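First the structure, in the form of structure tokens, and then the observations on it.
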2 protein chains.
Amino acid sequence: MGNGFTVGIVGATGQVGTVMRRILAERDFPVDTLRLFATSRSAGTTLEFRGEQIVVEDVATADVSGVDIALFSAGATGSRAYAPVFAEAGAVVIDNSSAWRMDPEVPLVVSEVNPHAIAEAQKGIIANPNCTTMAAMPVLKVLDAEAGLTRLIVSTYQAVSGSGLAGAQELAEQAEAAVASGHLLGLVHDGSAVEVPAPVKYVRPIAFDVIPLAGSIVDDGMNETDEEKKLRNESRKILELPDLLVSGTCVRVPVFTGHSLSINAEFAGDLSPERATELLRDAPGVVLADVPTPLEAAGNDPSYVGRIRADEGAPAGRGLALFISNDNLRKGAALNAVQIAELVAASMKATAPVAS
Amino acid sequence: MGNGFTVGIVGATGQVGTVMRRILAERDFPVDTLRLFATSRSAGTTLEFRGEQIVVEDVATADVSGVDIALFSAGATGSRAYAPVFAEAGAVVIDNSSAWRMDPEVPLVVSEVNPHAIAEAQKGIIANPNCTTMAAMPVLKVLDAEAGLTRLIVSTYQAVSGSGLAGAQELAEQAEAAVASGHLLGLVHDGSAVEVPAPVKYVRPIAFDVIPLAGSIVDDGMNETDEEKKLRNESRKILELPDLLVSGTCVRVPVFTGHSLSINAEFAGDLSPERATELLRDAPGVVLADVPTPLEAAGNDPSYVGRIRADEGAPAGRGLALFISNDNLRKGAALNAVQIAELVAASMKATAPVAS
């Protein structure tokens with residue numbers, strides 16, 4: 001073995017797995033050996049990494065010993081089944097699913113926000129936050145550090161790639177069909193609605209429409225979706241603010257990649273838009289933008305933040321309104337997982353025995 | 001003259017003017033004579049009404065005497081120039097622009113919400129609210145009547161037809177070009193963003209994107225757009241709540257027709273989601289929907305409201321979150337104008353001298 005690591009990607013053929021592989025190469029992560037895992041359906045196919053063809057292994061039957069770091073994007077069911085197997089065999093698992101995020105023995109880490117938490121991994125598993133929550137954390141962390149965040153009201157504009165390839169395909173197919181109908185301007189000219197094919201993946205059409213139901217309603221009588229619960233619970237855990245008040249409305253929009261959030265935030269102390277802007281100018285993982293858009297964020301790393309204003313409705317004027325856009329496949333999933341891997345790699349090197 | 005009115009539409013060739021003409025026919029408004037007006041560029045063209053071809057007159061040179069009710073959708077500049085001319089000649093002007101909305105001598109009316117206000121018209125002009133504000137008013141009025149509305153936090157999802165035909169054309173052209181590129185799924189597959197042509201009408205691309213800047217920034221140092229100001233000022237005037245706290249973030253989305261609003265509302269008194277749902281079930285101009293969408297609202301009259309939940313972050317739990325979709329060209333513009341005309345017609349008939 002060289003100076004690097006044996007890295008595994010579990011769920012290697014999915015869209016986040018694909019971006020993980022790309023980002024490992026882009027960031028020149030010290031990979032000696034890359035192993036790719038998927039379900040039996042995709043096992044046996046080959047994928048490229050740094051010019052080399054790698055055969056995808058069946059996660060259910062592979063011998064996973066020797067893997068140092070395993071990046072999981074295999075859904076909650078896959079993670080519950082296989083993350084302990086990899087951890088047991090000695091790997092540090094960095095998991096992109098919701099399976100382990102709220103486990104008190106599993107840290108939930110945004111690399112710029114709470115890197116110290118990786119030391120608290122008691123099961124060999126570190127969780128990667130939900131993409132919607134992730135986008136906001138680098139922004140909210142610096143504002144919380146300054147003025148003490150107490151309350152969030154969030155409306156989201158979530159891209160279809162947040163629900164996997166099937167979501168992106170549904171938008172593409174509906175948009176293509178609507179364009180092919182030659183009737184895009186119909187509603188404007190003759191009062192009839194644009195023709196969009198019936199939905200399959202989503203509960204309503206997504207092309208030229210918005211759906212105020214991202215995820216599914218949780219059966220606890222609160223009429224909130226799992227996405228809205230994640231936003232509350234994960235924000236509390238990552239920011240270490242167990243009493244943070246969070247009301248989220250998670251909405252799917254016809255955007256391929258790039259999640260956006262319209263946020264009204266309230267603070268215990270004073271925080272002017274000017275001071276917030278000054279703090280965000282220097283915040284890691286954050287870029288100021290006059291008009292942040294998902295199309296601008298797509299393919300890039302930072303959370304773009306703008307439209308920073310006072311919310312004069314907040315008690316004692318201690319409120320801000322702002323808008324954030326971030327690539328849900330990169331920072332929202334694959335990039336942060338690789339950034340956690342970099343933190344893990346650094347801590348492994350720091351604690352490794354000196355070679356004799 | 002028969003039993004009806006001489007009705008004028010000013011801005012008859014635009015998209016709202018077109019819908020006004022359609023709704024006058026749909027609702028069987030008592031029109032004896034319809035006169036159509038536009039700028040000299042469009043004057044001379046003919047448009048159909050109830051099977052009759054009507055020649056469009058040049059608003060700048062026409063003799064406007066004899067018009068009983070004039071429906072204006074001619075932009076603020078056009079309204080400022082010509083609404084007083086029509087009013088002077090004896091017409092009641094119902095104006096869809098922002099020109100007169102905040103004039104204390106001009107009532108701002110949503111037909112289900114404050115019909116009594118038409119009696120307060122002191123200049124012969126009645127204003128029709130902004131389409132974004134309009135969508136929320138029938139919903140918020142009944143909640144305010146029950147529990148006393150104190151604060152609104154609103155993020156919008158506004159259709160391109162809210163910025164006129166040019167907005168709808170820009171979305172159509174960009175969507176067509178993106179589909180033609182054959183590269184819709186690019187980012188998902190190879191990390192490149194979907195290719196959308198450079199914007200002309202908007203400050204950013206609108207196809208497969210969202211733009212958190214609907215309207216333009218008002219130069220008062222608050223970093224709010226005119227759309228966000230209208231939402232605050234018009235809500236206060238229509239609901240007769242001069243101290244209502246309103247923070248809006250107005251966002252353009254790639255939807256042709258149908259504005260949506262994600263609203264967190266706070267009240268002076270208790271209001272449970274169950275009680276709010278019960279009130280909204282019977283509210284005029286409102287229809288309950290599990291998942292309200294703009295595509296469902298387009299072509300229909302009501303404000304669709306759903307996703308009604310408690311916002312437990314509001315003081316004493318007196319908060320609700322909800323989502324509204326409404327057709328911005330119908331209720332948001334043309335329909336409410338015709339509904340005001342119906343109120344005006346009824347009051348004219350009620351006060352007309354008995355024929356000798």
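Convention: chains lettered A, B, ... in structure tokens order; per-chain residue numbering from 1; ligands numbered from 1 as shown.
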Taking only C-alpha atoms into account, which residues of chain B are within 7 Å of chain A, as a compact mmCIF listing (two decimals) with all heavy atoms, in the first residue's frame?
```txt
# COMPACT_ATOMS: atom_id res chain seq x y z
N GLN B 15 -52.08 40.36 -22.46
CA GLN B 15 -52.59 39.07 -21.99
C GLN B 15 -53.71 39.25 -20.96
O GLN B 15 -54.69 38.52 -20.98
CB GLN B 15 -51.47 38.17 -21.48
CG GLN B 15 -50.70 38.71 -20.32
CD GLN B 15 -49.56 37.78 -19.92
OE1 GLN B 15 -49.47 36.64 -20.36
NE2 GLN B 15 -48.67 38.26 -19.07
N ARG B 151 -48.82 39.11 11.73
CA ARG B 151 -47.52 39.04 11.04
C ARG B 151 -47.58 38.01 9.92
O ARG B 151 -48.15 36.93 10.09
CB ARG B 151 -46.44 38.63 12.05
CG ARG B 151 -45.03 38.59 11.48
CD ARG B 151 -44.01 38.13 12.52
NE ARG B 151 -42.68 38.08 11.94
CZ ARG B 151 -41.63 37.45 12.46
NH1 ARG B 151 -41.75 36.83 13.62
NH2 ARG B 151 -40.48 37.45 11.85
N SER B 155 -42.92 33.53 1.18
CA SER B 155 -42.02 33.29 0.04
C SER B 155 -42.89 32.91 -1.14
O SER B 155 -43.78 32.06 -1.01
CB SER B 155 -41.04 32.15 0.35
OG SER B 155 -40.16 32.53 1.39
N ALA B 168 -43.47 35.16 -20.47
CA ALA B 168 -43.90 33.82 -20.91
C ALA B 168 -43.12 33.39 -22.14
O ALA B 168 -42.71 32.22 -22.26
CB ALA B 168 -45.40 33.83 -21.19
N ALA B 172 -40.68 30.10 -22.58
CA ALA B 172 -40.94 29.15 -23.68
C ALA B 172 -39.69 28.99 -24.54
O ALA B 172 -39.29 27.86 -24.86
CB ALA B 172 -42.12 29.63 -24.52
N GLU B 176 -37.55 25.56 -24.82
CA GLU B 176 -37.43 24.92 -26.13
C GLU B 176 -35.96 24.71 -26.50
O GLU B 176 -35.57 23.65 -26.97
CB GLU B 176 -38.15 25.76 -27.19
CG GLU B 176 -39.67 25.60 -27.11
CD GLU B 176 -40.44 26.72 -27.81
OE1 GLU B 176 -39.80 27.60 -28.42
OE2 GLU B 176 -41.68 26.70 -27.73
N VAL B 179 -34.41 21.93 -24.32
CA VAL B 179 -34.85 20.60 -24.78
C VAL B 179 -34.15 20.25 -26.09
O VAL B 179 -33.66 19.13 -26.27
CB VAL B 179 -36.39 20.57 -24.94
CG1 VAL B 179 -36.83 19.35 -25.75
CG2 VAL B 179 -37.07 20.58 -23.57
N LEU B 184 -30.67 17.88 -21.32
CA LEU B 184 -31.42 18.19 -20.09
C LEU B 184 -30.84 17.50 -18.87
O LEU B 184 -30.80 18.08 -17.79
CB LEU B 184 -32.89 17.77 -20.24
CG LEU B 184 -33.79 18.66 -21.08
CD1 LEU B 184 -35.23 18.23 -20.91
CD2 LEU B 184 -33.62 20.12 -20.68
N LEU B 185 -30.39 16.28 -19.04
CA LEU B 185 -29.93 15.51 -17.88
C LEU B 185 -28.42 15.63 -17.68
O LEU B 185 -27.83 14.89 -16.92
CB LEU B 185 -30.33 14.04 -18.02
CG LEU B 185 -31.85 13.81 -17.98
CD1 LEU B 185 -32.18 12.36 -18.30
CD2 LEU B 185 -32.40 14.16 -16.60
N VAL B 188 -26.80 15.78 -14.17
CA VAL B 188 -26.97 14.53 -13.44
C VAL B 188 -25.96 13.49 -13.94
O VAL B 188 -25.38 12.74 -13.18
CB VAL B 188 -28.42 14.04 -13.60
CG1 VAL B 188 -28.60 12.66 -12.99
CG2 VAL B 188 -29.37 15.04 -12.97
N GLY B 191 -22.00 16.15 -14.95
CA GLY B 191 -21.52 17.28 -14.16
C GLY B 191 -21.66 18.62 -14.82
O GLY B 191 -21.31 19.64 -14.24
N SER B 192 -22.21 18.66 -16.04
CA SER B 192 -22.38 19.95 -16.70
C SER B 192 -23.81 20.43 -16.49
O SER B 192 -24.74 19.63 -16.43
CB SER B 192 -22.08 19.82 -18.19
OG SER B 192 -22.98 18.90 -18.77
N ALA B 193 -23.97 21.73 -16.39
CA ALA B 193 -25.30 22.28 -16.15
C ALA B 193 -26.11 22.28 -17.44
O ALA B 193 -25.56 22.36 -18.53
CB ALA B 193 -25.20 23.70 -15.60
N PHE B 208 -35.73 26.01 -16.00
CA PHE B 208 -34.99 25.09 -15.13
C PHE B 208 -34.15 25.85 -14.11
O PHE B 208 -33.05 25.43 -13.74
CB PHE B 208 -34.15 24.11 -15.96
CG PHE B 208 -34.98 23.42 -17.02
CD1 PHE B 208 -34.76 23.64 -18.37
CD2 PHE B 208 -36.00 22.56 -16.65
CE1 PHE B 208 -35.55 23.03 -19.34
CE2 PHE B 208 -36.79 21.94 -17.62
CZ PHE B 208 -36.56 22.18 -18.96
N ASP B 209 -34.67 26.98 -13.64
CA ASP B 209 -33.98 27.83 -12.69
C ASP B 209 -35.05 28.54 -11.84
O ASP B 209 -36.24 28.48 -12.17
CB ASP B 209 -33.14 28.88 -13.46
CG ASP B 209 -31.97 29.45 -12.64
OD1 ASP B 209 -31.70 28.93 -11.54
OD2 ASP B 209 -31.34 30.40 -13.13
N VAL B 210 -34.67 29.15 -10.75
CA VAL B 210 -35.57 30.07 -10.04
C VAL B 210 -34.79 31.36 -9.79
O VAL B 210 -33.57 31.34 -9.64
CB VAL B 210 -36.10 29.48 -8.69
CG1 VAL B 210 -36.77 28.13 -8.91
CG2 VAL B 210 -35.01 29.34 -7.65
N ILE B 211 -35.50 32.47 -9.77
CA ILE B 211 -34.85 33.78 -9.65
C ILE B 211 -35.44 34.52 -8.45
O ILE B 211 -36.59 34.96 -8.49
CB ILE B 211 -35.06 34.63 -10.93
CG1 ILE B 211 -34.69 33.85 -12.18
CG2 ILE B 211 -34.25 35.92 -10.84
CD1 ILE B 211 -35.01 34.58 -13.48
N PRO B 212 -34.65 34.65 -7.36
CA PRO B 212 -35.20 35.28 -6.15
C PRO B 212 -35.20 36.80 -6.25
O PRO B 212 -34.73 37.49 -5.35
CB PRO B 212 -34.26 34.78 -5.05
CG PRO B 212 -32.93 34.63 -5.75
CD PRO B 212 -33.28 34.17 -7.16
N LEU B 213 -35.73 37.29 -7.34
CA LEU B 213 -35.83 38.73 -7.55
C LEU B 213 -36.94 38.97 -8.56
O LEU B 213 -36.69 39.14 -9.75
CB LEU B 213 -34.50 39.29 -8.07
CG LEU B 213 -34.42 40.82 -8.09
CD1 LEU B 213 -33.93 41.37 -6.76
CD2 LEU B 213 -33.50 41.31 -9.20
N MET B 222 -33.43 49.21 1.70
CA MET B 222 -33.94 48.03 2.40
C MET B 222 -33.70 46.72 1.64
O MET B 222 -33.99 45.65 2.15
CB MET B 222 -35.43 48.19 2.68
CG MET B 222 -35.73 49.23 3.76
SD MET B 222 -37.52 49.40 4.05
CE MET B 222 -37.92 47.80 4.78
N ASN B 223 -33.22 46.82 0.39
CA ASN B 223 -32.95 45.64 -0.44
C ASN B 223 -34.21 44.83 -0.69
O ASN B 223 -34.16 43.60 -0.84
CB ASN B 223 -31.85 44.77 0.20
CG ASN B 223 -31.22 43.80 -0.80
OD1 ASN B 223 -31.34 43.98 -2.02
ND2 ASN B 223 -30.58 42.76 -0.29
N LEU B 245 -47.31 43.27 10.13
CA LEU B 245 -45.90 43.04 9.83
C LEU B 245 -45.80 42.07 8.66
O LEU B 245 -46.36 40.97 8.72
CB LEU B 245 -45.20 42.47 11.06
CG LEU B 245 -45.21 43.38 12.30
CD1 LEU B 245 -44.77 42.60 13.54
CD2 LEU B 245 -44.32 44.60 12.09
N VAL B 246 -45.08 42.45 7.62
CA VAL B 246 -44.98 41.60 6.43
C VAL B 246 -43.53 41.54 5.95
O VAL B 246 -42.93 42.58 5.68
CB VAL B 246 -45.87 42.12 5.27
CG1 VAL B 246 -45.78 41.18 4.07
CG2 VAL B 246 -47.32 42.29 5.72
N SER B 247 -42.99 40.33 5.86
CA SER B 247 -41.69 40.12 5.22
C SER B 247 -41.90 39.18 4.05
O SER B 247 -42.29 38.03 4.22
CB SER B 247 -40.71 39.50 6.23
OG SER B 247 -39.48 39.21 5.59
N PRO B 254 -40.16 28.82 -13.04
CA PRO B 254 -40.48 28.46 -14.43
C PRO B 254 -41.86 27.81 -14.56
O PRO B 254 -41.98 26.63 -14.89
CB PRO B 254 -39.34 27.52 -14.83
CG PRO B 254 -38.83 26.96 -13.54
CD PRO B 254 -39.06 28.00 -12.49
N VAL B 255 -42.86 28.59 -14.28
CA VAL B 255 -44.27 28.20 -14.40
C VAL B 255 -44.91 29.24 -15.31
O VAL B 255 -44.61 30.43 -15.18
CB VAL B 255 -44.93 28.22 -13.00
CG1 VAL B 255 -46.46 28.18 -13.10
CG2 VAL B 255 -44.41 27.09 -12.12
N PHE B 256 -45.76 28.81 -16.24
CA PHE B 256 -46.36 29.80 -17.16
C PHE B 256 -47.43 30.63 -16.46
O PHE B 256 -47.38 31.85 -16.48
CB PHE B 256 -46.93 29.11 -18.41
CG PHE B 256 -45.84 28.74 -19.36
CD1 PHE B 256 -45.37 27.44 -19.42
CD2 PHE B 256 -45.26 29.70 -20.17
CE1 PHE B 256 -44.32 27.11 -20.26
CE2 PHE B 256 -44.21 29.39 -21.02
CZ PHE B 256 -43.74 28.08 -21.07
N SER B 262 -45.95 30.48 -0.15
CA SER B 262 -45.73 29.73 1.09
C SER B 262 -45.78 30.77 2.21
O SER B 262 -44.96 31.69 2.25
CB SER B 262 -44.37 29.04 1.03
OG SER B 262 -44.06 28.45 2.27
N VAL B 291 -52.62 19.22 -2.01
CA VAL B 291 -51.36 19.71 -2.57
C VAL B 291 -51.71 20.75 -3.64
O VAL B 291 -51.86 20.42 -4.81
CB VAL B 291 -50.55 18.55 -3.20
CG1 VAL B 291 -49.20 19.05 -3.70
CG2 VAL B 291 -50.37 17.41 -2.21
N THR B 293 -51.34 23.30 -6.48
CA THR B 293 -50.27 23.59 -7.45
C THR B 293 -50.74 24.65 -8.43
O THR B 293 -51.94 24.78 -8.71
CB THR B 293 -49.87 22.34 -8.27
OG1 THR B 293 -50.97 21.96 -9.10
CG2 THR B 293 -49.46 21.17 -7.38
N PRO B 294 -49.78 25.40 -9.00
CA PRO B 294 -50.16 26.42 -9.98
C PRO B 294 -50.78 25.81 -11.24
O PRO B 294 -51.68 26.42 -11.84
CB PRO B 294 -48.83 27.13 -10.29
CG PRO B 294 -47.75 26.24 -9.79
CD PRO B 294 -48.35 25.42 -8.68
N LEU B 295 -50.32 24.61 -11.62
CA LEU B 295 -50.88 24.00 -12.84
C LEU B 295 -52.35 23.63 -12.61
O LEU B 295 -53.16 23.68 -13.55
CB LEU B 295 -50.06 22.75 -13.19
CG LEU B 295 -50.05 22.32 -14.65
CD1 LEU B 295 -49.61 23.44 -15.59
CD2 LEU B 295 -49.14 21.10 -14.84
N ALA B 298 -54.32 27.06 -12.65
CA ALA B 298 -54.36 27.79 -13.94
C ALA B 298 -55.66 27.50 -14.68
O ALA B 298 -56.03 26.34 -14.86
CB ALA B 298 -53.16 27.41 -14.79
N GLY B 299 -56.33 28.55 -15.08
CA GLY B 299 -57.59 28.40 -15.81
C GLY B 299 -58.80 28.36 -14.90
O GLY B 299 -59.94 28.32 -15.37
N ARG B 307 -51.69 22.24 2.80
CA ARG B 307 -50.50 22.09 3.65
C ARG B 307 -50.64 22.95 4.92
O ARG B 307 -49.66 23.54 5.39
CB ARG B 307 -49.20 22.47 2.91
CG ARG B 307 -48.77 21.61 1.71
CD ARG B 307 -48.57 20.14 2.00
NE ARG B 307 -47.98 19.82 3.29
CZ ARG B 307 -46.69 19.91 3.58
NH1 ARG B 307 -45.83 20.30 2.68
NH2 ARG B 307 -46.25 19.60 4.77
N ARG B 309 -50.60 23.77 8.54
CA ARG B 309 -49.93 23.18 9.71
C ARG B 309 -49.75 24.24 10.79
O ARG B 309 -49.80 25.43 10.51
CB ARG B 309 -48.50 22.72 9.33
CG ARG B 309 -48.43 21.53 8.41
CD ARG B 309 -47.16 21.62 7.56
NE ARG B 309 -47.30 22.65 6.55
CZ ARG B 309 -46.30 23.34 6.03
NH1 ARG B 309 -45.06 23.13 6.43
NH2 ARG B 309 -46.52 24.26 5.12
N ASP B 311 -47.33 26.43 13.06
CA ASP B 311 -45.94 26.88 13.14
C ASP B 311 -45.65 27.05 14.62
O ASP B 311 -46.01 28.06 15.22
CB ASP B 311 -45.74 28.18 12.38
CG ASP B 311 -44.34 28.76 12.64
OD1 ASP B 311 -43.56 28.13 13.37
OD2 ASP B 311 -44.05 29.84 12.10
N GLY B 313 -43.10 27.68 16.10
CA GLY B 313 -42.15 28.72 16.45
C GLY B 313 -42.81 30.06 16.77
O GLY B 313 -42.20 30.94 17.36
```
**OP:** Can you list, as JSON, numbers by chain, all residues belonging to stretch 69-217 of chain B that DSSP tags as strand (DSSP E or B)?
**Re:** {"B": [69, 70, 71, 72, 92, 93, 94, 95, 108, 125, 126, 127, 149, 150, 151, 152, 153, 154, 155, 156, 157, 158, 211, 217]}
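Nearest-residue note for B:Ala265: choosing from B:Ala136, B:Val110, B:Val92, B:Val286, the minimum distance belongs to B:Ala136, counting only C-alpha atoms.
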**OP:** Kindly give the distance, in Å, that separates atom CA of A:Val142 and atom CA of A:Ser97, rounded to a single decimal.
**Re:** 25.8 Å
Original post:
Can you list, as a ChimeraX atom specification, every residue of stretch 201-266 of chain B that DSSP puts in alpha helix (DSSP H)?
Top reply: /B:226-239
Next, dump the selected residues to file, keeping only N, CA, C and O atoms, as a short mmCIF file (atom, residue, chain, number, x, y, z; two decimals), in the first residue's frame.
```
data_model
loop_
_atom_site.label_atom_id
_atom_site.label_comp_id
_atom_site.auth_asym_id
_atom_site.auth_seq_id
_atom_site.Cartn_x
_atom_site.Cartn_y
_atom_site.Cartn_z
N ASP B 226 -39.99 45.94 -5.53
CA ASP B 226 -41.32 46.56 -5.56
C ASP B 226 -42.41 45.52 -5.32
O ASP B 226 -43.43 45.82 -4.69
N GLU B 227 -42.20 44.28 -5.78
CA GLU B 227 -43.17 43.21 -5.51
C GLU B 227 -43.30 42.96 -4.01
O GLU B 227 -44.39 42.71 -3.49
N GLU B 228 -42.17 42.98 -3.31
CA GLU B 228 -42.19 42.73 -1.86
C GLU B 228 -42.85 43.89 -1.11
O GLU B 228 -43.58 43.67 -0.13
N LYS B 229 -42.63 45.12 -1.59
CA LYS B 229 -43.30 46.29 -1.00
C LYS B 229 -44.81 46.23 -1.22
O LYS B 229 -45.60 46.53 -0.33
N LYS B 230 -45.19 45.86 -2.47
CA LYS B 230 -46.62 45.77 -2.78
C LYS B 230 -47.31 44.77 -1.87
O LYS B 230 -48.41 45.00 -1.37
N LEU B 231 -46.65 43.64 -1.67
CA LEU B 231 -47.23 42.59 -0.81
C LEU B 231 -47.52 43.15 0.58
O LEU B 231 -48.59 42.91 1.15
N ARG B 232 -46.58 43.91 1.12
CA ARG B 232 -46.78 44.50 2.45
C ARG B 232 -47.88 45.57 2.43
O ARG B 232 -48.85 45.51 3.18
N ASN B 233 -47.70 46.56 1.54
CA ASN B 233 -48.57 47.74 1.57
C ASN B 233 -50.00 47.41 1.16
O ASN B 233 -50.97 47.92 1.75
N GLU B 234 -50.14 46.55 0.15
CA GLU B 234 -51.49 46.22 -0.32
C GLU B 234 -52.20 45.31 0.68
O GLU B 234 -53.41 45.45 0.89
N SER B 235 -51.48 44.39 1.30
CA SER B 235 -52.11 43.54 2.32
C SER B 235 -52.65 44.39 3.45
O SER B 235 -53.77 44.18 3.94
N ARG B 236 -51.85 45.37 3.89
CA ARG B 236 -52.31 46.26 4.96
C ARG B 236 -53.58 47.01 4.57
O ARG B 236 -54.51 47.12 5.36
N LYS B 237 -53.60 47.53 3.34
CA LYS B 237 -54.75 48.33 2.91
C LYS B 237 -56.01 47.48 2.72
O LYS B 237 -57.09 47.84 3.18
N ILE B 238 -55.86 46.33 2.06
CA ILE B 238 -57.04 45.49 1.77
C ILE B 238 -57.61 44.90 3.05
O ILE B 238 -58.83 44.84 3.25
N LEU B 239 -56.73 44.42 3.94
CA LEU B 239 -57.20 43.79 5.19
C LEU B 239 -57.52 44.84 6.26
O LEU B 239 -57.99 44.49 7.34
#
```
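Here the question is which of B:Glu120, B:Asp58, B:Asp282, B:Asp327 gets nearest to B:Val10 using only C-alpha atoms, and that residue is B:Asp58.
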Quick one: residues within 12 Å of B:Asp63, only C-alpha atoms, excluding same-chain residues fewer than 5 positions away - as a CSV table (one decimal) with C-alpha atoms, in the first residue's frame?
```csv
chain,number,residue,atom,x,y,z
B,8,GLY,CA,-64.2,49.6,-22.2
B,35,ARG,CA,-65.1,49.2,-26.7
B,37,PHE,CA,-58.5,50.5,-26.5
B,57,GLU,CA,-59.3,52.2,-30.8
B,58,ASP,CA,-56.2,54.4,-30.1
B,82,TYR,CA,-55.6,57.8,-19.2
B,85,VAL,CA,-59.5,61.0,-18.8
B,86,PHE,CA,-62.0,58.1,-18.6
B,88,GLU,CA,-63.5,62.7,-16.2
B,89,ALA,CA,-65.7,61.5,-19.1
```
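For A:Ile23, the non-local neighbours within 10 Å, defined as residues at least 4 positions apart in the same chain or in other chains and counting only C-alpha atoms, are A:Gly17, A:Thr18, A:Val19, A:Arg27, A:Asp28, A:Phe29, A:Arg330, A:Ala334, A:Leu335, A:Asn336, A:Ala337, A:Val338, A:Gln339.
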Writing out the chosen residues with C-alpha atoms as a tab-separated table (two decimals), in the first residue's frame:
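out02.tsv written:
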```tsv
chain	number	residue	atom	x	y	z
A	17	GLY	CA	-22.18	7.79	-6.25
A	18	THR	CA	-21.14	9.08	-9.66
A	19	VAL	CA	-20.47	12.56	-8.30
A	27	ARG	CA	-9.87	16.95	-5.14
A	28	ASP	CA	-6.99	14.51	-5.59
A	29	PHE	CA	-8.06	12.53	-2.55
A	330	ARG	CA	-22.08	18.23	-4.68
A	334	ALA	CA	-21.07	13.93	-2.53
A	335	LEU	CA	-18.75	16.86	-1.83
A	336	ASN	CA	-19.48	17.06	1.88
A	337	ALA	CA	-19.02	13.27	2.13
A	338	VAL	CA	-15.57	13.59	0.52
A	339	GLN	CA	-14.77	16.59	2.76
```
